[in-house]
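Just data-v7.pdb here, PDB, C-alpha atoms, pLDDT in the B column:
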ATOM      1  CA  MET A 265     118.681  93.752  88.438  1.00 87.00           C
ATOM      2  CA  LYS A 266     115.155  93.305  87.026  1.00 92.00           C
ATOM      3  CA  LYS A 267     114.956  92.654  83.281  1.00 95.00           C
ATOM      4  CA  ILE A 268     112.203  94.211  81.160  1.00 97.00           C
ATOM      5  CA  LEU A 269     111.346  93.424  77.551  1.00 97.00           C
ATOM      6  CA  VAL A 270     109.805  96.325  75.600  1.00 97.00           C
ATOM      7  CA  VAL A 271     107.907  95.225  72.489  1.00 97.00           C
ATOM      8  CA  GLU A 272     107.169  98.360  70.479  1.00 95.00           C
ATOM      9  CA  ASP A 273     107.384  99.118  66.739  1.00 90.00           C
ATOM     10  CA  ARG A 274     107.813 102.913  67.007  1.00 92.00           C
ATOM     11  CA  ASP A 275     111.431 103.959  67.453  1.00 93.00           C
ATOM     12  CA  THR A 276     110.604 107.189  69.319  1.00 93.00           C
ATOM     13  CA  THR A 277     108.446 105.399  71.873  1.00 94.00           C
ATOM     14  CA  MET A 278     111.009 102.617  72.183  1.00 94.00           C
ATOM     15  CA  ARG A 279     113.846 105.047  72.909  1.00 95.00           C
ATOM     16  CA  HIS A 280     111.704 106.972  75.391  1.00 95.00           C
ATOM     17  CA  LEU A 281     110.778 103.852  77.345  1.00 96.00           C
ATOM     18  CA  LYS A 282     114.305 102.415  77.265  1.00 96.00           C
ATOM     19  CA  ARG A 283     115.820 105.653  78.554  1.00 96.00           C
ATOM     20  CA  HIS A 284     113.424 106.009  81.478  1.00 96.00           C
ATOM     21  CA  LEU A 285     113.526 102.328  82.427  1.00 97.00           C
ATOM     22  CA  GLU A 286     117.322 102.310  82.484  1.00 96.00           C
ATOM     23  CA  ARG A 287     117.270 105.419  84.705  1.00 96.00           C
ATOM     24  CA  GLU A 288     115.167 103.391  87.138  1.00 95.00           C
ATOM     25  CA  GLY A 289     117.852 100.700  87.217  1.00 95.00           C
ATOM     26  CA  TYR A 290     116.211  98.105  84.970  1.00 96.00           C
ATOM     27  CA  GLU A 291     118.011  96.070  82.318  1.00 96.00           C
ATOM     28  CA  VAL A 292     116.082  96.580  79.090  1.00 97.00           C
ATOM     29  CA  TYR A 293     115.652  94.319  76.052  1.00 97.00           C
ATOM     30  CA  THR A 294     113.821  95.642  72.993  1.00 97.00           C
ATOM     31  CA  ALA A 295     111.920  94.126  70.083  1.00 96.00           C
ATOM     32  CA  HIS A 296     110.079  95.714  67.153  1.00 94.00           C
ATOM     33  CA  LEU A 297     108.445  92.490  65.983  1.00 95.00           C
ATOM     34  CA  GLY A 298     106.372  89.825  67.674  1.00 93.00           C
ATOM     35  CA  ARG A 299     108.597  86.967  66.521  1.00 93.00           C
ATOM     36  CA  GLU A 300     111.674  88.840  67.678  1.00 95.00           C
ATOM     37  CA  ALA A 301     110.084  89.264  71.109  1.00 95.00           C
ATOM     38  CA  ILE A 302     109.264  85.549  71.333  1.00 93.00           C
ATOM     39  CA  ASP A 303     112.899  84.701  70.498  1.00 92.00           C
ATOM     40  CA  ILE A 304     114.197  87.093  73.184  1.00 93.00           C
ATOM     41  CA  ILE A 305     111.882  85.597  75.790  1.00 90.00           C
ATOM     42  CA  GLY A 306     113.247  82.165  74.951  1.00 85.00           C
ATOM     43  CA  GLN A 307     116.876  83.293  75.268  1.00 89.00           C
ATOM     44  CA  HIS A 308     116.763  85.480  78.377  1.00 87.00           C
ATOM     45  CA  HIS A 309     115.143  85.384  81.793  1.00 86.00           C
ATOM     46  CA  VAL A 310     112.840  88.388  81.536  1.00 93.00           C
ATOM     47  CA  ASP A 311     110.999  89.621  84.638  1.00 93.00           C
ATOM     48  CA  LEU A 312     108.316  91.746  82.936  1.00 95.00           C
ATOM     49  CA  VAL A 313     107.036  92.616  79.449  1.00 97.00           C
ATOM     50  CA  LEU A 314     105.697  95.913  78.099  1.00 97.00           C
ATOM     51  CA  LEU A 315     103.760  94.957  74.979  1.00 96.00           C
ATOM     52  CA  ASP A 316     102.187  97.043  72.229  1.00 94.00           C
ATOM     53  CA  LEU A 317      99.207  95.441  70.494  1.00 90.00           C
ATOM     54  CA  LYS A 318      99.869  96.872  67.021  1.00 89.00           C
ATOM     55  CA  LEU A 319     102.935  95.083  65.680  1.00 92.00           C
ATOM     56  CA  PRO A 320     103.998  94.821  62.013  1.00 93.00           C
ATOM     57  CA  ASP A 321     104.185  91.036  61.857  1.00 92.00           C
ATOM     58  CA  MET A 322     101.754  89.674  64.462  1.00 90.00           C
ATOM     59  CA  ASN A 323      98.677  90.565  66.436  1.00 90.00           C
ATOM     60  CA  GLY A 324      99.851  91.713  69.873  1.00 89.00           C
ATOM     61  CA  LEU A 325      97.291  89.517  71.623  1.00 91.00           C
ATOM     62  CA  CYS A 326      98.740  86.456  69.886  1.00 92.00           C
ATOM     63  CA  VAL A 327     102.169  87.383  71.216  1.00 93.00           C
ATOM     64  CA  CYS A 328     100.685  87.989  74.668  1.00 93.00           C
ATOM     65  CA  ASN A 329      98.989  84.586  74.660  1.00 90.00           C
ATOM     66  CA  GLU A 330     102.224  82.866  73.618  1.00 91.00           C
ATOM     67  CA  PHE A 331     104.037  84.534  76.507  1.00 91.00           C
ATOM     68  CA  ARG A 332     101.294  83.573  78.957  1.00 87.00           C
ATOM     69  CA  SER A 333     101.176  79.983  77.730  1.00 86.00           C
ATOM     70  CA  ALA A 334     104.936  79.496  78.111  1.00 87.00           C
ATOM     71  CA  TYR A 335     105.414  81.623  81.243  1.00 86.00           C
ATOM     72  CA  PRO A 336     102.191  81.702  83.307  1.00 81.00           C
ATOM     73  CA  LYS A 337     103.611  83.932  86.055  1.00 80.00           C
ATOM     74  CA  LEU A 338     105.359  86.480  83.816  1.00 89.00           C
ATOM     75  CA  PRO A 339     103.897  89.984  84.397  1.00 91.00           C
ATOM     76  CA  ILE A 340     102.638  91.494  81.131  1.00 93.00           C
ATOM     77  CA  ILE A 341     101.535  95.125  80.775  1.00 94.00           C
ATOM     78  CA  ILE A 342      99.816  96.148  77.549  1.00 93.00           C
ATOM     79  CA  VAL A 343     100.861  99.623  76.360  1.00 93.00           C
ATOM     80  CA  SER A 344      98.636 100.447  73.411  1.00 89.00           C
ATOM     81  CA  ILE A 345      96.911 103.197  71.480  1.00 87.00           C
ATOM     82  CA  GLN A 346      93.832 100.961  71.350  1.00 75.00           C
ATOM     83  CA  THR A 347      91.698 102.451  74.107  1.00 70.00           C
ATOM     84  CA  GLY A 348      88.333 100.820  73.468  1.00 77.00           C
ATOM     85  CA  GLU A 349      86.612  99.022  76.321  1.00 79.00           C
ATOM     86  CA  ARG A 350      86.388  95.790  74.312  1.00 81.00           C
ATOM     87  CA  GLU A 351      90.140  95.738  73.586  1.00 81.00           C
ATOM     88  CA  LYS A 352      91.059  96.398  77.212  1.00 84.00           C
ATOM     89  CA  VAL A 353      88.719  93.788  78.635  1.00 84.00           C
ATOM     90  CA  SER A 354      89.787  91.206  76.057  1.00 84.00           C
ATOM     91  CA  ALA A 355      93.476  91.712  76.820  1.00 86.00           C
ATOM     92  CA  LEU A 356      92.976  91.589  80.588  1.00 87.00           C
ATOM     93  CA  GLN A 357      90.814  88.480  80.392  1.00 82.00           C
ATOM     94  CA  GLN A 358      93.068  86.592  78.001  1.00 83.00           C
ATOM     95  CA  CYS A 359      96.617  87.233  79.092  1.00 87.00           C
ATOM     96  CA  ALA A 360      97.581  90.687  80.377  1.00 89.00           C
ATOM     97  CA  ASP A 361      98.082  91.731  84.002  1.00 87.00           C
ATOM     98  CA  ASP A 362      97.566  95.433  83.347  1.00 90.00           C
ATOM     99  CA  TYR A 363      96.711  97.817  80.509  1.00 91.00           C
ATOM    100  CA  ILE A 364      97.770 101.421  80.000  1.00 90.00           C
ATOM    101  CA  ALA A 365      96.651 103.498  77.035  1.00 88.00           C
ATOM    102  CA  LYS A 366      98.811 105.760  74.881  1.00 90.00           C
ATOM    103  CA  PRO A 367      99.578 108.556  75.364  1.00 89.00           C
ATOM    104  CA  PHE A 368     100.526 107.851  78.971  1.00 90.00           C
ATOM    105  CA  TYR A 369     102.293 109.551  81.843  1.00 92.00           C
ATOM    106  CA  THR A 370     105.724 107.985  82.211  1.00 94.00           C
ATOM    107  CA  SER A 371     105.501 108.254  85.992  1.00 94.00           C
ATOM    108  CA  GLU A 372     102.234 106.272  85.966  1.00 92.00           C
ATOM    109  CA  LEU A 373     103.731 103.523  83.819  1.00 94.00           C
ATOM    110  CA  LEU A 374     106.789 103.277  86.072  1.00 94.00           C
ATOM    111  CA  GLN A 375     104.518 102.969  89.114  1.00 91.00           C
ATOM    112  CA  ARG A 376     102.470 100.233  87.454  1.00 90.00           C
ATOM    113  CA  ILE A 377     105.692  98.346  86.757  1.00 93.00           C
ATOM    114  CA  LYS A 378     106.685  98.668  90.411  1.00 90.00           C
ATOM    115  CA  ASN A 379     103.231  97.422  91.403  1.00 85.00           C
ATOM    116  CA  GLN A 380     103.683  94.302  89.285  1.00 86.00           C
ATOM    117  CA  PHE A 381     107.025  93.549  90.885  1.00 87.00           C
ATOM    118  CA  LEU A 382     105.562  94.111  94.361  1.00 79.00           C
ATOM    119  CA  HIS A 383     102.770  91.688  93.532  1.00 75.00           C
ATOM    120  CA  THR A 384     105.228  89.111  92.196  1.00 74.00           C
ATOM    121  CA  ASP A 385     107.405  89.403  95.299  1.00 72.00           C
ATOM    122  CA  ARG A 386     104.375  88.927  97.566  1.00 65.00           C
ATOM    123  CA  MET A 387     103.289  85.896  95.581  1.00 63.00           C
ATOM    124  CA  ARG A 388     106.737  84.336  95.903  1.00 61.00           C
ATOM    125  CA  ALA A 389     106.809  84.945  99.618  1.00 60.00           C
ATOM    126  CA  GLY A 390     103.309  83.544 100.004  1.00 54.00           C
ATOM    127  CA  ALA A 391     102.426  86.573 102.102  1.00 51.00           C
ATOM    128  CA  GLU A 392      98.924  86.888 100.691  1.00 51.00           C
ATOM    129  CA  ARG A 393      98.080  83.406 101.979  1.00 61.00           C
ATOM    130  CA  ARG A 394      98.809  84.336 105.591  1.00 78.00           C
ATOM    131  CA  LYS A 395      98.887  88.025 106.427  1.00 82.00           C
ATOM    132  CA  PHE A 396      98.756  91.320 104.582  1.00 87.00           C
ATOM    133  CA  LYS A 397      99.364  94.879 105.797  1.00 88.00           C
ATOM    134  CA  ALA A 398      98.994  98.215 104.027  1.00 89.00           C
ATOM    135  CA  GLY A 399      98.909 101.351 106.169  1.00 90.00           C
ATOM    136  CA  PRO A 400      96.170 100.926 108.789  1.00 94.00           C
ATOM    137  CA  LEU A 401      94.721  97.861 107.031  1.00 94.00           C
ATOM    138  CA  GLU A 402      95.678  94.398 108.341  1.00 93.00           C
ATOM    139  CA  ILE A 403      94.334  91.091 107.019  1.00 92.00           C
ATOM    140  CA  ASN A 404      94.861  87.615 108.425  1.00 90.00           C
ATOM    141  CA  PHE A 405      93.837  85.291 105.598  1.00 85.00           C
ATOM    142  CA  VAL A 406      94.112  82.164 107.711  1.00 77.00           C
ATOM    143  CA  GLU A 407      91.655  83.432 110.324  1.00 83.00           C
ATOM    144  CA  ARG A 408      89.691  85.654 107.891  1.00 86.00           C
ATOM    145  CA  GLN A 409      90.163  88.640 110.173  1.00 91.00           C
ATOM    146  CA  VAL A 410      90.343  92.253 109.002  1.00 95.00           C
ATOM    147  CA  ARG A 411      91.492  95.176 111.141  1.00 94.00           C
ATOM    148  CA  VAL A 412      91.755  98.903 110.493  1.00 95.00           C
ATOM    149  CA  ASN A 413      93.870 100.921 112.924  1.00 93.00           C
ATOM    150  CA  GLY A 414      93.855  97.882 115.200  1.00 93.00           C
ATOM    151  CA  GLU A 415      90.064  97.685 115.330  1.00 94.00           C
ATOM    152  CA  SER A 416      88.339  94.525 114.096  1.00 94.00           C
ATOM    153  CA  ILE A 417      86.140  95.111 111.036  1.00 93.00           C
ATOM    154  CA  ASN A 418      83.045  93.008 110.409  1.00 89.00           C
ATOM    155  CA  LEU A 419      82.789  92.124 106.715  1.00 90.00           C
ATOM    156  CA  THR A 420      80.080  90.133 105.012  1.00 83.00           C
ATOM    157  CA  TYR A 421      81.070  86.972 103.136  1.00 79.00           C
ATOM    158  CA  THR A 422      80.879  88.817  99.807  1.00 84.00           C
ATOM    159  CA  GLU A 423      82.865  91.821 101.056  1.00 90.00           C
ATOM    160  CA  TYR A 424      85.630  89.599 102.408  1.00 90.00           C
ATOM    161  CA  GLU A 425      85.841  87.512  99.230  1.00 88.00           C
ATOM    162  CA  MET A 426      85.968  90.682  97.137  1.00 92.00           C
ATOM    163  CA  LEU A 427      88.735  92.084  99.333  1.00 94.00           C
ATOM    164  CA  TYR A 428      90.668  88.814  98.976  1.00 91.00           C
ATOM    165  CA  VAL A 429      90.444  88.888  95.185  1.00 91.00           C
ATOM    166  CA  LEU A 430      91.580  92.518  95.008  1.00 93.00           C
ATOM    167  CA  VAL A 431      94.385  92.248  97.576  1.00 91.00           C
ATOM    168  CA  THR A 432      95.885  89.081  96.127  1.00 86.00           C
ATOM    169  CA  ASN A 433      96.023  90.932  92.809  1.00 87.00           C
ATOM    170  CA  ALA A 434      97.300  94.201  94.301  1.00 86.00           C
ATOM    171  CA  GLY A 435      98.494  96.611  91.655  1.00 85.00           C
ATOM    172  CA  ARG A 436      96.627  94.787  88.892  1.00 86.00           C
ATOM    173  CA  THR A 437      93.379  95.717  87.217  1.00 88.00           C
ATOM    174  CA  VAL A 438      90.779  93.051  88.026  1.00 90.00           C
ATOM    175  CA  THR A 439      87.862  93.044  85.594  1.00 89.00           C
ATOM    176  CA  TYR A 440      84.231  92.859  86.669  1.00 88.00           C
ATOM    177  CA  ASP A 441      83.921  89.410  85.099  1.00 84.00           C
ATOM    178  CA  ILE A 442      86.929  88.056  86.975  1.00 85.00           C
ATOM    179  CA  ILE A 443      85.618  89.403  90.287  1.00 87.00           C
ATOM    180  CA  ALA A 444      82.179  87.933  89.631  1.00 85.00           C
ATOM    181  CA  SER A 445      83.481  84.533  88.557  1.00 81.00           C
ATOM    182  CA  LYS A 446      85.753  84.258  91.600  1.00 80.00           C
ATOM    183  CA  ILE A 447      82.932  85.055  94.032  1.00 81.00           C
ATOM    184  CA  TRP A 448      79.712  83.802  92.462  1.00 76.00           C
ATOM    185  CA  GLY A 449      80.736  81.630  89.513  1.00 69.00           C
ATOM    186  CA  ASP A 450      77.724  81.222  87.239  1.00 56.00           C
ATOM    187  CA  GLU A 451      75.255  81.695  90.077  1.00 53.00           C
ATOM    188  CA  ASP A 452      73.268  84.668  91.312  1.00 52.00           C
ATOM    189  CA  ILE A 453      73.209  86.975  88.290  1.00 54.00           C
ATOM    190  CA  SER A 454      71.594  89.750  90.341  1.00 55.00           C
ATOM    191  CA  GLU A 455      74.619  89.894  92.643  1.00 59.00           C
ATOM    192  CA  ARG A 456      77.029  89.976  89.692  1.00 62.00           C
ATOM    193  CA  GLN A 457      75.244  93.106  88.484  1.00 69.00           C
ATOM    194  CA  ASN A 458      75.744  94.863  91.810  1.00 81.00           C
ATOM    195  CA  ILE A 459      79.519  94.628  92.184  1.00 88.00           C
ATOM    196  CA  HIS A 460      79.794  98.400  92.574  1.00 89.00           C
ATOM    197  CA  VAL A 461      77.419  98.299  95.549  1.00 87.00           C
ATOM    198  CA  HIS A 462      79.569  95.740  97.365  1.00 89.00           C
ATOM    199  CA  VAL A 463      82.744  97.669  96.525  1.00 93.00           C
ATOM    200  CA  ASN A 464      81.310 100.916  97.906  1.00 92.00           C
ATOM    201  CA  ARG A 465      80.329  99.167 101.161  1.00 90.00           C
ATOM    202  CA  LEU A 466      83.789  97.619 101.395  1.00 95.00           C
ATOM    203  CA  ARG A 467      85.443 100.997 100.843  1.00 95.00           C
ATOM    204  CA  LYS A 468      83.468 102.545 103.688  1.00 94.00           C
ATOM    205  CA  LYS A 469      84.685  99.808 106.048  1.00 94.00           C
ATOM    206  CA  ILE A 470      88.397  99.613 105.184  1.00 96.00           C
ATOM    207  CA  GLU A 471      89.357 103.048 103.860  1.00 94.00           C
ATOM    208  CA  THR A 472      90.110 106.159 105.895  1.00 90.00           C
ATOM    209  CA  PRO A 473      90.348 109.819 104.824  1.00 88.00           C
ATOM    210  CA  GLU A 474      94.137 109.395 104.644  1.00 90.00           C
ATOM    211  CA  ASN A 475      94.231 105.930 103.086  1.00 92.00           C
ATOM    212  CA  ARG A 476      92.429 104.966  99.898  1.00 93.00           C
ATOM    213  CA  PHE A 477      92.976 101.446  98.571  1.00 95.00           C
ATOM    214  CA  ILE A 478      90.394 100.601  95.898  1.00 95.00           C
ATOM    215  CA  PHE A 479      90.468 102.513  92.621  1.00 94.00           C
ATOM    216  CA  ASN A 480      88.051 102.411  89.678  1.00 91.00           C
ATOM    217  CA  GLU A 481      89.304 101.486  86.224  1.00 86.00           C
ATOM    218  CA  ALA A 482      86.492 103.041  84.192  1.00 82.00           C
ATOM    219  CA  LYS A 483      84.223 100.444  82.533  1.00 83.00           C
ATOM    220  CA  ILE A 484      86.820  97.726  83.207  1.00 89.00           C
ATOM    221  CA  GLY A 485      86.967  96.846  86.902  1.00 91.00           C
ATOM    222  CA  TYR A 486      88.922  97.745  90.048  1.00 94.00           C
ATOM    223  CA  ARG A 487      92.520  97.930  91.226  1.00 92.00           C
ATOM    224  CA  PHE A 488      93.767  97.565  94.801  1.00 94.00           C
ATOM    225  CA  GLN A 489      96.654  99.970  95.389  1.00 89.00           C
ATOM    226  CA  ALA A 490      98.681  99.169  98.507  1.00 80.00           C
ATOM    227  CA  GLY A 491     101.063 102.110  98.127  1.00 61.00           C
ATOM    228  CA  GLU A 492     104.805 102.106  98.636  1.00 48.00           C
TER     229      GLU A 492
END

Will you turn the file into structure tokens for me?
Amino acid sequence: MKKILVVEDRDTTMRHLKRHLEREGYEVYTAHLGREAIDIIGQHHVDLVLLDLKLPDMNGLCVCNEFRSAYPKLPIIIVSIQTGEREKVSALQQCADDYIAKPFYTSELLQRIKNQFLHTDRMRAGAERRKFKAGPLEINFVERQVRVNGESINLTYTEYEMLYVLVTNAGRTVTYDIIASKIWGDEDISERQNIHVHVNRLRKKIETPENRFIFNEAKIGYRFQAGE
């Protein structure tokens, strides 16, 4: 049974999340304070954290960074009323794997949790290093081959590298800066400014009318959604 820690200071939100998570079969730990959450993490093997940024005793980002420092592979989803672009980007760059703003659809949050567990399972299996399949899309990372409906797809170097970054972070929001740094580093500023152009070309090559994979996260970046 997967264990989820919910760090949230509002009792109504806490009860709502706990009820729905337990219905999905998760074991749920709860904390109202940052220090309480840090203690729970140290005592129990938690598989995922839902973390509010506005806590009574600590800044949520400080808690997030402590989690990330101690447990680098622990999935962390920020659930916060802070919806500004700066807050989202800062959280995703520093420590969080995903960010969902309040108020949220419970079904969307549950799906994002499932996506994180799918990503973690793929990482453990090392599947992304060899082969990946989602619907009609097949990728052989060893041979750098991409097929759609069995037909070989010719990608440019940039398109392939972008696909690799998105797929190996499937279910997670990848910021523009992370994409740019992975592909170009500090070089070629003009290319960094045209990420959307490369993404649109990539979409045309790998997506079909029935299968969409790459989704915009407005003003933040992109998310590869592999589906169930």

For this session: Please tell me which residues are no farther than 10 Å from (90.1, 102.3, 102.1) in the file, counting only C-alpha atoms, and write them as JSON, numbers by chain.
Result: {"A": [398, 399, 400, 401, 412, 464, 466, 467, 468, 469, 470, 471, 472, 473, 474, 475, 476, 477, 478, 479, 488, 489, 490]}

Problem set entry | Selected residue, from A:Val429, A:Cys326, A:Val461, A:Leu281, that lies nearest to Ile302 in chain A when counting only C-alpha atoms |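 Under the stated criterion, the closest residue is A:Cys326.
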
For this session: Identify the residues within 9 Å of coordinate (82.8, 93.0, 102.2) (same frame as the file), considering all atoms listed in the file, and give the answer as a VMD selection string.
Result: chain A and resid 418 to 427 462 to 463 465 to 467 469

If you keep C-alpha atoms, can you produce a file of those selected residues as a CSV table (one decimal), keeping the file's coordinate frame?
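Final file, result28.csv:
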chain,number,residue,atom,x,y,z
A,418,ASN,CA,83.0,93.0,110.4
A,419,LEU,CA,82.8,92.1,106.7
A,420,THR,CA,80.1,90.1,105.0
A,421,TYR,CA,81.1,87.0,103.1
A,422,THR,CA,80.9,88.8,99.8
A,423,GLU,CA,82.9,91.8,101.1
A,424,TYR,CA,85.6,89.6,102.4
A,425,GLU,CA,85.8,87.5,99.2
A,426,MET,CA,86.0,90.7,97.1
A,427,LEU,CA,88.7,92.1,99.3
A,462,HIS,CA,79.6,95.7,97.4
A,463,VAL,CA,82.7,97.7,96.5
A,465,ARG,CA,80.3,99.2,101.2
A,466,LEU,CA,83.8,97.6,101.4
A,467,ARG,CA,85.4,101.0,100.8
A,469,LYS,CA,84.7,99.8,106.0

For this session: I would like the residues chosen by the PyMOL selection byres ((chain A and resi 481) around 12) on the shown file; could you give them as a list in words?
Result: Glu349, Lys352, Val353, Leu356, Asp362, Tyr363, Ile364, Ala365, Gly435, Arg436, Thr437, Val438, Thr439, Tyr440, His460, Ile478, Phe479, Asn480, Ala482, Lys483, Ile484, Gly485, Tyr486, Arg487, Phe488 and Gln489 of chain A

Problem set entry | Resolved residues for the PyMOL selection byres ((chain A and resi 342-348) around 10) as number ranges by chain | A: 270-272, 313-318, 324-325, 328, 340-341, 349-353, 355-356, 359-368, 373, 483

For this session: Just give me the gap between CA of Thr384 in chain A and CA of Lys282 in chain A in Å, one decimal is fine.
Result: 22.0 Å

Exercise. Which residue, A:Thr277, A:Gln357, A:Thr370, A:Asn413, has the smallest gap to Ser445 in chain A when you use only C-alpha atoms?
Worked result: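 Distance minimum relative to Ser445 in chain A lands on A:Gln357.
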
Exercise. Expressed in Å to a single decimal, how great is the separation between CA of Pro336 in chain A and CA of Asn379 in chain A?
Worked result: 17.7 Å

Problem set entry | Minimum-distance residue to Glu286 in chain A, chosen among A:Arg299, A:Tyr369, A:Leu374, A:Ser354 (using only C-alpha atoms) |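 Comparing A:Arg299, A:Tyr369, A:Leu374, A:Ser354 against Glu286 in chain A, the winner is A:Leu374.
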
Problem set entry | Gap from CA of Met322 in chain A to CA of Asn433 in chain A - Å, one decimal |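 So the two atoms, CA of Met322 in chain A and CA of Asn433 in chain A, lie 28.9 Å apart.
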
Problem set entry | Residue with smallest distance to Ile305 in chain A - pool A:Val431, A:Ile417, A:Val327, A:Ile442, counting all atoms listed in the file |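 The shortest atom-to-atom distance to Ile305 in chain A comes from A:Val327.
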
Exercise. Between A:Gln409, A:Asn329, A:Thr294, A:Asn323, which is the closest to Lys397 in chain A once you count only C-alpha atoms?
Worked result: A:Gln409

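Among the candidates A:Asp321, A:Val292, A:Gly306, A:Glu330, the one nearest to His280 in chain A when counting all atoms listed in the file is A:Val292.
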